[in-house]
>>> print(open('input-v1.csv').read())   # CSV, C-alpha atoms
chain,number,residue,atom,x,y,z
A,1,MET,CA,43.2,94.3,3.5
A,2,GLU,CA,40.8,95.6,0.8
A,3,MET,CA,38.2,93.0,-0.3
A,4,SER,CA,38.1,92.5,-4.0
A,5,ILE,CA,35.0,94.1,-5.7
A,6,PRO,CA,33.4,90.8,-7.0
A,7,LEU,CA,33.3,89.7,-3.4
A,8,HIS,CA,31.6,92.8,-2.0
A,9,ALA,CA,28.4,91.9,-0.2
A,10,PRO,CA,26.0,93.6,-2.6
A,11,ASN,CA,27.7,91.8,-5.5
A,12,VAL,CA,27.4,88.4,-3.7
A,13,LEU,CA,23.7,89.2,-3.1
A,14,GLY,CA,23.6,89.9,-6.9
A,15,TYR,CA,24.9,86.4,-7.6
A,16,PHE,CA,22.2,84.9,-5.4
A,17,ARG,CA,19.6,87.0,-7.2
A,18,PHE,CA,20.8,85.8,-10.6
A,19,LEU,CA,20.5,82.2,-9.4
A,20,MET,CA,17.0,82.7,-8.1
A,21,ILE,CA,15.8,84.4,-11.3
A,22,ALA,CA,17.3,81.6,-13.3
A,23,ALA,CA,15.8,79.0,-11.0
A,24,ALA,CA,12.4,80.7,-11.3
A,25,TRP,CA,12.3,80.3,-15.1
A,26,PRO,CA,11.3,76.6,-15.3
A,27,PHE,CA,8.3,77.4,-13.1
A,28,GLY,CA,7.2,80.5,-15.0
A,29,MET,CA,4.6,78.8,-17.2
A,30,THR,CA,3.3,76.3,-14.7
A,31,ASP,CA,3.7,77.2,-11.1
A,32,PRO,CA,3.1,80.9,-10.4
A,33,GLN,CA,3.5,80.4,-6.6
A,34,THR,CA,7.1,79.2,-6.9
A,35,PHE,CA,8.0,81.5,-9.7
A,36,LEU,CA,6.7,84.6,-7.9
A,37,GLY,CA,8.2,83.4,-4.6
A,38,LEU,CA,11.7,83.2,-6.1
A,39,HIS,CA,11.1,86.5,-7.9
A,40,LEU,CA,10.0,88.2,-4.7
A,41,THR,CA,13.0,86.8,-2.7
A,42,ALA,CA,15.3,88.1,-5.5
A,43,HIS,CA,13.6,91.6,-5.2
A,44,LEU,CA,14.0,91.6,-1.4
A,45,LEU,CA,17.7,90.8,-1.8
A,46,GLY,CA,18.0,93.7,-4.3
A,47,VAL,CA,16.3,96.1,-1.9
A,48,LEU,CA,18.8,95.0,0.8
A,49,ALA,CA,21.9,95.4,-1.5
A,50,ALA,CA,22.1,99.2,-1.5
A,51,PRO,CA,21.8,99.8,2.3
A,52,LEU,CA,24.2,96.9,3.0
A,53,GLY,CA,26.7,98.4,0.5
A,54,SER,CA,26.4,101.8,2.3
A,55,LEU,CA,26.8,100.1,5.7
A,56,LEU,CA,29.9,98.2,4.6
A,57,GLY,CA,31.4,101.1,2.6
A,58,GLN,CA,31.0,99.0,-0.5
A,59,LYS,CA,29.3,101.6,-2.7
A,60,SER,CA,30.5,102.8,-6.1
A,61,PHE,CA,29.6,105.6,-8.6
A,62,PHE,CA,26.6,103.5,-9.8
A,63,GLY,CA,25.4,102.2,-6.5
A,64,THR,CA,27.0,99.0,-5.5
B,1,MET,CA,20.4,92.6,-11.9
B,2,SER,CA,17.1,94.4,-11.5
B,3,ARG,CA,17.0,94.8,-15.3
B,4,PHE,CA,17.5,91.1,-15.7
B,5,GLN,CA,14.8,90.4,-13.3
B,6,THR,CA,12.3,92.8,-15.0
B,7,SER,CA,13.2,91.4,-18.4
B,8,SER,CA,12.7,87.8,-17.1
B,9,LEU,CA,9.2,88.7,-15.9
B,10,LEU,CA,8.3,90.6,-19.0
B,11,PHE,CA,9.4,87.7,-21.3
B,12,ILE,CA,7.4,85.2,-19.3
B,13,VAL,CA,4.3,87.4,-19.5
B,14,LEU,CA,4.9,87.9,-23.2
B,15,LYS,CA,5.2,84.2,-23.8
B,16,LEU,CA,2.1,83.4,-21.8
B,17,GLY,CA,0.2,86.1,-23.8
B,18,LEU,CA,1.4,84.8,-27.2
B,19,GLU,CA,0.2,81.3,-26.3
B,20,ALA,CA,-3.0,82.1,-24.5
B,21,ILE,CA,-4.5,85.0,-26.5
B,22,GLN,CA,-6.5,83.7,-29.5
B,23,ASP,CA,-7.5,86.9,-31.2
B,24,GLU,CA,-4.7,88.0,-33.6
B,25,SER,CA,-5.0,91.8,-33.2
B,26,GLU,CA,-5.3,91.5,-29.4
B,27,ARG,CA,-2.2,89.2,-29.4
B,28,MET,CA,-0.3,91.8,-31.6
B,29,GLY,CA,-1.3,94.6,-29.3
B,30,PHE,CA,-0.3,92.7,-26.2
B,31,ALA,CA,3.1,91.7,-27.7
B,32,PHE,CA,3.8,95.3,-28.8
B,33,PHE,CA,2.9,96.7,-25.4
B,34,PHE,CA,5.1,94.3,-23.4
B,35,ALA,CA,8.0,94.5,-26.0
B,36,SER,CA,7.8,98.3,-25.7
B,37,LEU,CA,8.0,98.0,-21.9
B,38,PHE,CA,11.1,95.8,-22.2
B,39,LEU,CA,12.8,98.2,-24.8
B,40,SER,CA,12.0,101.3,-22.7
B,41,ASP,CA,13.6,99.6,-19.6
B,42,PHE,CA,16.6,98.0,-21.2
B,43,VAL,CA,17.6,100.7,-23.6
B,44,ALA,CA,17.2,103.5,-21.1
B,45,GLN,CA,19.3,101.7,-18.4
B,46,TRP,CA,22.0,100.9,-21.0
B,47,PHE,CA,22.1,104.6,-22.1
B,48,ILE,CA,22.2,105.8,-18.5
B,49,VAL,CA,25.2,103.7,-17.6
B,50,TYR,CA,27.0,104.2,-20.9
B,51,SER,CA,26.7,108.0,-20.9
B,52,SER,CA,27.6,108.3,-17.2
B,53,TYR,CA,30.8,106.2,-17.7
B,54,LEU,CA,31.7,108.1,-20.9
B,55,LEU,CA,31.2,111.5,-19.3
B,56,ASP,CA,32.2,110.6,-15.8
B,57,GLU,CA,29.0,112.4,-14.5
B,58,GLU,CA,26.0,111.4,-12.4
B,59,PRO,CA,23.2,110.2,-14.7
B,60,HIS,CA,20.9,113.1,-13.8
B,61,GLU,CA,23.5,115.8,-14.8
B,62,THR,CA,22.1,117.9,-17.6
B,63,PRO,CA,22.3,121.6,-18.5
B,64,SER,CA,18.6,122.0,-17.9
B,65,PRO,CA,17.9,122.8,-14.2
B,66,LEU,CA,14.2,121.7,-14.7
B,67,LEU,CA,15.2,118.3,-16.2
B,68,ARG,CA,17.9,117.8,-13.5
B,69,THR,CA,15.4,118.5,-10.7
B,70,VAL,CA,12.8,116.2,-12.2
B,71,LEU,CA,15.3,113.4,-12.6
B,72,ILE,CA,16.6,113.8,-9.1
B,73,LEU,CA,13.0,113.7,-7.7
B,74,LEU,CA,12.1,110.7,-9.8
B,75,GLY,CA,15.4,109.1,-8.6
B,76,LYS,CA,14.3,109.6,-5.0
B,77,ILE,CA,11.1,107.7,-5.5
B,78,GLY,CA,12.7,105.2,-7.8
B,79,THR,CA,12.5,102.0,-5.7
B,80,PRO,CA,8.7,102.2,-4.8
B,81,VAL,CA,7.9,103.2,-8.4
B,82,TYR,CA,9.9,100.3,-9.7
B,83,LEU,CA,8.2,97.9,-7.4
B,84,MET,CA,4.7,99.2,-8.4
B,85,SER,CA,5.7,98.9,-12.1
B,86,GLU,CA,6.8,95.3,-11.4
B,87,LEU,CA,3.5,94.6,-9.6
B,88,TYR,CA,1.6,95.8,-12.7
B,89,VAL,CA,3.4,93.0,-14.7
B,90,VAL,CA,2.7,90.5,-11.9
B,91,ASP,CA,-1.0,91.3,-12.1
B,92,HIS,CA,-0.9,90.5,-15.9
B,93,TYR,CA,1.1,87.4,-15.2
B,94,LEU,CA,-1.4,86.1,-12.6
B,95,ALA,CA,-4.3,86.8,-15.0
B,96,PHE,CA,-3.1,83.9,-17.1
B,97,PHE,CA,-3.6,81.6,-14.1
B,98,GLY,CA,-7.3,82.2,-13.6
B,99,GLY,CA,-8.6,80.2,-10.6
B,100,HIS,CA,-5.2,79.9,-9.0
B,101,PRO,CA,-5.4,80.8,-5.3
B,102,LEU,CA,-3.0,83.6,-5.7
B,103,GLN,CA,-4.9,85.1,-8.6
B,104,VAL,CA,-8.3,84.7,-6.8
B,105,ALA,CA,-6.9,86.2,-3.6
B,106,LEU,CA,-5.6,89.2,-5.5
B,107,THR,CA,-8.6,89.9,-7.7
B,108,THR,CA,-11.2,89.4,-5.1
B,109,HIS,CA,-9.5,91.6,-2.5
B,110,LYS,CA,-11.7,94.7,-1.7
B,111,SER,CA,-8.8,97.0,-2.6
B,112,TYR,CA,-8.0,95.4,-5.9
B,113,GLY,CA,-9.4,98.4,-7.9
B,114,VAL,CA,-7.1,100.8,-6.0
B,115,PHE,CA,-4.2,98.4,-6.4
B,116,LEU,CA,-4.7,98.3,-10.1
B,117,GLN,CA,-4.8,102.1,-10.4
B,118,ALA,CA,-1.7,102.5,-8.1
B,119,VAL,CA,0.4,99.9,-10.1
B,120,PHE,CA,-0.7,101.5,-13.4
B,121,VAL,CA,0.5,104.9,-12.2
B,122,GLY,CA,3.7,103.2,-11.0
B,123,LEU,CA,4.2,101.7,-14.5
B,124,VAL,CA,3.6,105.1,-16.2
B,125,VAL,CA,5.9,107.0,-13.9
B,126,GLN,CA,8.6,104.3,-14.3
B,127,HIS,CA,8.6,104.4,-18.1
B,128,LEU,CA,8.3,108.2,-18.2
B,129,HIS,CA,11.4,108.2,-16.0
B,130,ASN,CA,13.1,105.8,-18.5
B,131,VAL,CA,12.2,107.9,-21.5
B,132,LEU,CA,13.4,111.1,-19.8
B,133,HIS,CA,16.6,109.4,-18.8
B,134,LEU,CA,17.1,108.0,-22.3
B,135,PHE,CA,16.5,111.5,-23.8
B,136,VAL,CA,19.0,113.2,-21.4
B,137,SER,CA,21.6,110.5,-21.9
B,138,ALA,CA,21.3,110.5,-25.7
B,139,VAL,CA,21.7,114.3,-25.7
B,140,ARG,CA,24.7,114.1,-23.5
B,141,ILE,CA,26.4,111.6,-25.8
B,142,VAL,CA,25.6,113.6,-28.9
B,143,LYS,CA,27.0,116.8,-27.3
B,144,LEU,CA,30.2,115.0,-26.4
B,145,ASP,CA,30.5,113.7,-29.9
B,146,VAL,CA,30.0,117.1,-31.4
B,147,ARG,CA,32.5,118.7,-29.0
B,148,GLN,CA,35.1,116.1,-29.9
B,149,LYS,CA,34.6,116.5,-33.6
B,150,ASN,CA,34.8,120.3,-33.4
B,151,GLU,CA,38.1,120.0,-31.5
B,152,GLU,CA,39.4,117.6,-34.1
B,153,ASN,CA,38.4,120.0,-36.9
B,154,ALA,CA,39.9,122.9,-35.2
B,155,LYS,CA,43.2,121.0,-34.9
B,156,LYS,CA,43.2,120.1,-38.5
B,157,ALA,CA,42.4,123.7,-39.5
B,158,LYS,CA,45.5,124.9,-37.7
>>> encode(input="input-v1.csv", output="structure tokens")
Amino acid sequence: MEMSIPLHAPNVLGYFRFLMIAAAWPFGMTDPQTFLGLHLTAHLLGVLAAPLGSLLGQKSFFGT
Amino acid sequence: MSRFQTSSLLFIVLKLGLEAIQDESERMGFAFFFASLFLSDFVAQWFIVYSSYLLDEEPHETPSPLLRTVLILLGKIGTPVYLMSELYVVDHYLAFFGGHPLQVALTTHKSYGVFLQAVFVGLVVQHLHNVLHLFVSAVRIVKLDVRQKNEENAKKAK
């Protein structure tokens, strides 16, 4: 059975990235370590998304 | 999502700069610079996706072989260039937290000078890529519009 596109692994990683970036905001002005830590983790998930999409055959015209 | 992440970082740096920089002209210059980075990134990405959907073509497709080659080459180094560009903004972000262990560790590292040059080059290449993509995408959309209008006019003339 074909998995629906919103549930493709790169998209699910995207939801986590969104949550991490949103969670980083309150720390942006006061706590650079937490802010950058969450940002870096979101970046790493972003880097993982494309190869994971290719591996699982979940790639579209614009990437994932 | 990367655009959202970049914008989020740029806005935080912009806000920190507006609050921390006392000199009016320096604050204006800072705001203009970071607002321009945001616009270049956001508008270019929007145009790339919009023109590609509209024309059903890859974003680097253009009648000019030179531009096409440059866009393909820049696309191949896109991820490291994007990360360098982000690190340039991170360096500015940390500059507002003078004395923080992260800021001290970064600025006192023996390779900090090389790092600064590398991330600046990353920033310049990233935004040149954006502007080039924006130009190519805008031309693609205008050409499509002209073609459609010419076809409509030809039909009316019949």
>>> residues_around(input="input-v1.csv", residues="Glu2 of chain A", least_positions_apart="2", cutoff="12 Å", atoms="all atoms listed in the file", output="VMD selection string")
chain A and resid 4 to 8 56 to 58
>>> closest_residue(input="input-v1.csv", among="B:Thr107, B:Ser8, B:Gln22, B:Ser51", to="chain A", atoms="all atoms listed in the file")
B:Ser8
>>> closest_residue(input="input-v1.csv", among="B:Ala35, B:Leu74, B:Met1, B:Met28", to="Leu132 of chain B", atoms="all atoms listed in the file")
B:Leu74
>>> interface_residues(input="input-v1.csv", of="chain B", to="chain A", cutoff="7 Å", atoms="only C-alpha atoms", output="PyMOL selection string")
chain B and resi 1+5+12+16
>>> atom_distance(input="input-v1.csv", atom1="atom CA of Glu57 of chain B", atom2="atom CA of Asn130 of chain B")
17.7 Å
>>> atom_distance(input="input-v1.csv", atom1="atom CA of Lys149 of chain B", atom2="atom CA of Val43 of chain B")
25.3 Å
>>> atom_distance(input="input-v1.csv", atom1="atom CA of Gln45 of chain B", atom2="atom CA of His60 of chain B")
12.4 Å
>>> residues_around(input="input-v1.csv", residues="Gln117 of chain B", least_positions_apart="5", cutoff="12 Å", atoms="all atoms listed in the file", output="NGL selection string")
:B and (84-85 or 87-88 or 91 or 111-112 or 122-124)
>>> closest_residue(input="input-v1.csv", among="B:His127, B:Lys76, B:Arg140, B:Lys156", to="Asp41 of chain B", atoms="all atoms listed in the file")
B:His127
>>> decode(input="input-v1.csv", residues="segment 9-59 of chain A", atoms="N, CA and C atoms", output="mmCIF file, in the first residue's frame")
data_model
loop_
_atom_site.group_PDB
_atom_site.id
_atom_site.type_symbol
_atom_site.label_atom_id
_atom_site.label_comp_id
_atom_site.auth_asym_id
_atom_site.auth_seq_id
_atom_site.Cartn_x
_atom_site.Cartn_y
_atom_site.Cartn_z
ATOM 1 N N ALA A 9 8.722 9.854 5.269
ATOM 2 C CA ALA A 9 9.732 10.089 6.320
ATOM 3 C C ALA A 9 10.332 11.506 6.266
ATOM 4 N N PRO A 10 10.705 12.019 5.077
ATOM 5 C CA PRO A 10 11.283 13.385 5.063
ATOM 6 C C PRO A 10 10.283 14.432 5.554
ATOM 7 N N ASN A 11 9.003 14.215 5.263
ATOM 8 C CA ASN A 11 7.992 15.169 5.743
ATOM 9 C C ASN A 11 7.834 15.086 7.259
ATOM 10 N N VAL A 12 7.880 13.865 7.775
ATOM 11 C CA VAL A 12 7.778 13.696 9.241
ATOM 12 C C VAL A 12 8.970 14.374 9.918
ATOM 13 N N LEU A 13 10.165 14.213 9.297
ATOM 14 C CA LEU A 13 11.345 14.918 9.837
ATOM 15 C C LEU A 13 11.110 16.426 9.797
ATOM 16 N N GLY A 14 10.449 16.873 8.739
ATOM 17 C CA GLY A 14 10.134 18.298 8.604
ATOM 18 C C GLY A 14 9.253 18.795 9.742
ATOM 19 N N TYR A 15 8.306 17.971 10.179
ATOM 20 C CA TYR A 15 7.427 18.383 11.300
ATOM 21 C C TYR A 15 8.265 18.551 12.581
ATOM 22 N N PHE A 16 9.186 17.609 12.768
ATOM 23 C CA PHE A 16 10.066 17.713 13.953
ATOM 24 C C PHE A 16 10.936 18.965 13.873
ATOM 25 N N ARG A 17 11.416 19.249 12.645
ATOM 26 C CA ARG A 17 12.249 20.445 12.471
ATOM 27 C C ARG A 17 11.445 21.693 12.821
ATOM 28 N N PHE A 18 10.207 21.721 12.352
ATOM 29 C CA PHE A 18 9.357 22.879 12.635
ATOM 30 C C PHE A 18 9.190 23.061 14.149
ATOM 31 N N LEU A 19 8.914 21.950 14.828
ATOM 32 C CA LEU A 19 8.724 22.018 16.284
ATOM 33 C C LEU A 19 9.996 22.492 16.980
ATOM 34 N N MET A 20 11.144 22.017 16.491
ATOM 35 C CA MET A 20 12.411 22.420 17.118
ATOM 36 C C MET A 20 12.686 23.909 16.922
ATOM 37 N N ILE A 21 12.415 24.392 15.711
ATOM 38 C CA ILE A 21 12.660 25.816 15.447
ATOM 39 C C ILE A 21 11.708 26.667 16.300
ATOM 40 N N ALA A 22 10.444 26.215 16.374
ATOM 41 C CA ALA A 22 9.468 26.953 17.190
ATOM 42 C C ALA A 22 9.876 26.914 18.666
ATOM 43 N N ALA A 23 10.364 25.744 19.106
ATOM 44 C CA ALA A 23 10.781 25.605 20.515
ATOM 45 C C ALA A 23 12.022 26.439 20.801
ATOM 46 N N ALA A 24 12.833 26.703 19.761
ATOM 47 C CA ALA A 24 14.071 27.471 19.958
ATOM 48 C C ALA A 24 13.790 28.963 20.197
ATOM 49 N N TRP A 25 12.693 29.464 19.647
ATOM 50 C CA TRP A 25 12.396 30.902 19.704
ATOM 51 C C TRP A 25 12.466 31.513 21.108
ATOM 52 N N PRO A 26 11.809 30.923 22.093
ATOM 53 C CA PRO A 26 11.840 31.568 23.414
ATOM 54 C C PRO A 26 13.244 31.708 23.997
ATOM 55 N N PHE A 27 14.190 30.899 23.496
ATOM 56 C CA PHE A 27 15.558 30.946 24.024
ATOM 57 C C PHE A 27 16.465 31.879 23.224
ATOM 58 N N GLY A 28 15.957 32.366 22.093
ATOM 59 C CA GLY A 28 16.777 33.143 21.166
ATOM 60 C C GLY A 28 17.444 34.357 21.772
ATOM 61 N N MET A 29 16.755 35.049 22.675
ATOM 62 C CA MET A 29 17.279 36.302 23.206
ATOM 63 C C MET A 29 18.080 36.100 24.493
ATOM 64 N N THR A 30 17.955 34.925 25.082
ATOM 65 C CA THR A 30 18.546 34.761 26.412
ATOM 66 C C THR A 30 19.530 33.599 26.551
ATOM 67 N N ASP A 31 19.291 32.535 25.812
ATOM 68 C CA ASP A 31 20.083 31.321 26.018
ATOM 69 C C ASP A 31 20.618 30.793 24.684
ATOM 70 N N PRO A 32 21.769 31.326 24.235
ATOM 71 C CA PRO A 32 22.282 30.936 22.917
ATOM 72 C C PRO A 32 22.595 29.448 22.792
ATOM 73 N N GLN A 33 22.973 28.831 23.906
ATOM 74 C CA GLN A 33 23.348 27.412 23.841
ATOM 75 C C GLN A 33 22.132 26.548 23.457
ATOM 76 N N THR A 34 21.012 26.782 24.139
ATOM 77 C CA THR A 34 19.797 26.007 23.846
ATOM 78 C C THR A 34 19.272 26.370 22.459
ATOM 79 N N PHE A 35 19.267 27.676 22.158
ATOM 80 C CA PHE A 35 18.760 28.128 20.855
ATOM 81 C C PHE A 35 19.550 27.485 19.721
ATOM 82 N N LEU A 36 20.877 27.578 19.794
ATOM 83 C CA LEU A 36 21.704 27.027 18.714
ATOM 84 C C LEU A 36 21.677 25.501 18.703
ATOM 85 N N GLY A 37 21.536 24.906 19.888
ATOM 86 C CA GLY A 37 21.447 23.440 19.970
ATOM 87 C C GLY A 37 20.220 22.930 19.217
ATOM 88 N N LEU A 38 19.086 23.588 19.448
ATOM 89 C CA LEU A 38 17.855 23.181 18.759
ATOM 90 C C LEU A 38 17.962 23.465 17.254
ATOM 91 N N HIS A 39 18.574 24.608 16.924
ATOM 92 C CA HIS A 39 18.749 24.945 15.506
ATOM 93 C C HIS A 39 19.639 23.942 14.803
ATOM 94 N N LEU A 40 20.742 23.581 15.469
ATOM 95 C CA LEU A 40 21.687 22.634 14.877
ATOM 96 C C LEU A 40 21.015 21.277 14.664
ATOM 97 N N THR A 41 20.243 20.842 15.664
ATOM 98 C CA THR A 41 19.545 19.553 15.528
ATOM 99 C C THR A 41 18.563 19.601 14.358
ATOM 100 N N ALA A 42 17.860 20.736 14.224
ATOM 101 C CA ALA A 42 16.925 20.886 13.104
ATOM 102 C C ALA A 42 17.678 20.832 11.771
ATOM 103 N N HIS A 43 18.875 21.442 11.738
ATOM 104 C CA HIS A 43 19.700 21.397 10.523
ATOM 105 C C HIS A 43 20.093 19.963 10.190
ATOM 106 N N LEU A 44 20.523 19.234 11.214
ATOM 107 C CA LEU A 44 20.968 17.856 10.982
ATOM 108 C C LEU A 44 19.816 17.009 10.441
ATOM 109 N N LEU A 45 18.623 17.216 10.991
ATOM 110 C CA LEU A 45 17.459 16.480 10.473
ATOM 111 C C LEU A 45 17.207 16.857 9.013
ATOM 112 N N GLY A 46 17.420 18.136 8.702
ATOM 113 C CA GLY A 46 17.246 18.606 7.322
ATOM 114 C C GLY A 46 18.232 17.962 6.377
ATOM 115 N N VAL A 47 19.471 17.802 6.848
ATOM 116 C CA VAL A 47 20.502 17.165 6.019
ATOM 117 C C VAL A 47 20.149 15.690 5.795
ATOM 118 N N LEU A 48 19.555 15.074 6.815
ATOM 119 C CA LEU A 48 19.185 13.650 6.715
ATOM 120 C C LEU A 48 17.989 13.422 5.790
ATOM 121 N N ALA A 49 17.130 14.431 5.676
ATOM 122 C CA ALA A 49 15.844 14.243 4.981
ATOM 123 C C ALA A 49 16.022 13.792 3.522
ATOM 124 N N ALA A 50 16.952 14.466 2.794
ATOM 125 C CA ALA A 50 17.089 14.153 1.364
ATOM 126 C C ALA A 50 17.591 12.713 1.125
ATOM 127 N N PRO A 51 18.710 12.290 1.769
ATOM 128 C CA PRO A 51 19.141 10.901 1.547
ATOM 129 C C PRO A 51 18.114 9.878 2.018
ATOM 130 N N LEU A 52 17.422 10.190 3.098
ATOM 131 C CA LEU A 52 16.395 9.267 3.594
ATOM 132 C C LEU A 52 15.255 9.139 2.568
ATOM 133 N N GLY A 53 14.881 10.283 1.990
ATOM 134 C CA GLY A 53 13.840 10.286 0.955
ATOM 135 C C GLY A 53 14.256 9.450 -0.240
ATOM 136 N N SER A 54 15.532 9.584 -0.649
ATOM 137 C CA SER A 54 16.034 8.802 -1.795
ATOM 138 C C SER A 54 16.030 7.309 -1.470
ATOM 139 N N LEU A 55 16.478 7.008 -0.243
ATOM 140 C CA LEU A 55 16.578 5.616 0.193
ATOM 141 C C LEU A 55 15.207 4.931 0.202
ATOM 142 N N LEU A 56 14.189 5.667 0.636
ATOM 143 C CA LEU A 56 12.853 5.091 0.769
ATOM 144 C C LEU A 56 11.984 5.325 -0.470
ATOM 145 N N GLY A 57 12.581 5.923 -1.504
ATOM 146 C CA GLY A 57 11.819 6.197 -2.725
ATOM 147 C C GLY A 57 10.734 7.237 -2.470
ATOM 148 N N GLN A 58 11.019 8.159 -1.569
ATOM 149 C CA GLN A 58 10.021 9.172 -1.234
ATOM 150 C C GLN A 58 10.533 10.548 -1.659
ATOM 151 N N LYS A 59 10.889 10.646 -2.930
ATOM 152 C CA LYS A 59 11.458 11.884 -3.450
ATOM 153 C C LYS A 59 10.506 12.443 -4.507
#
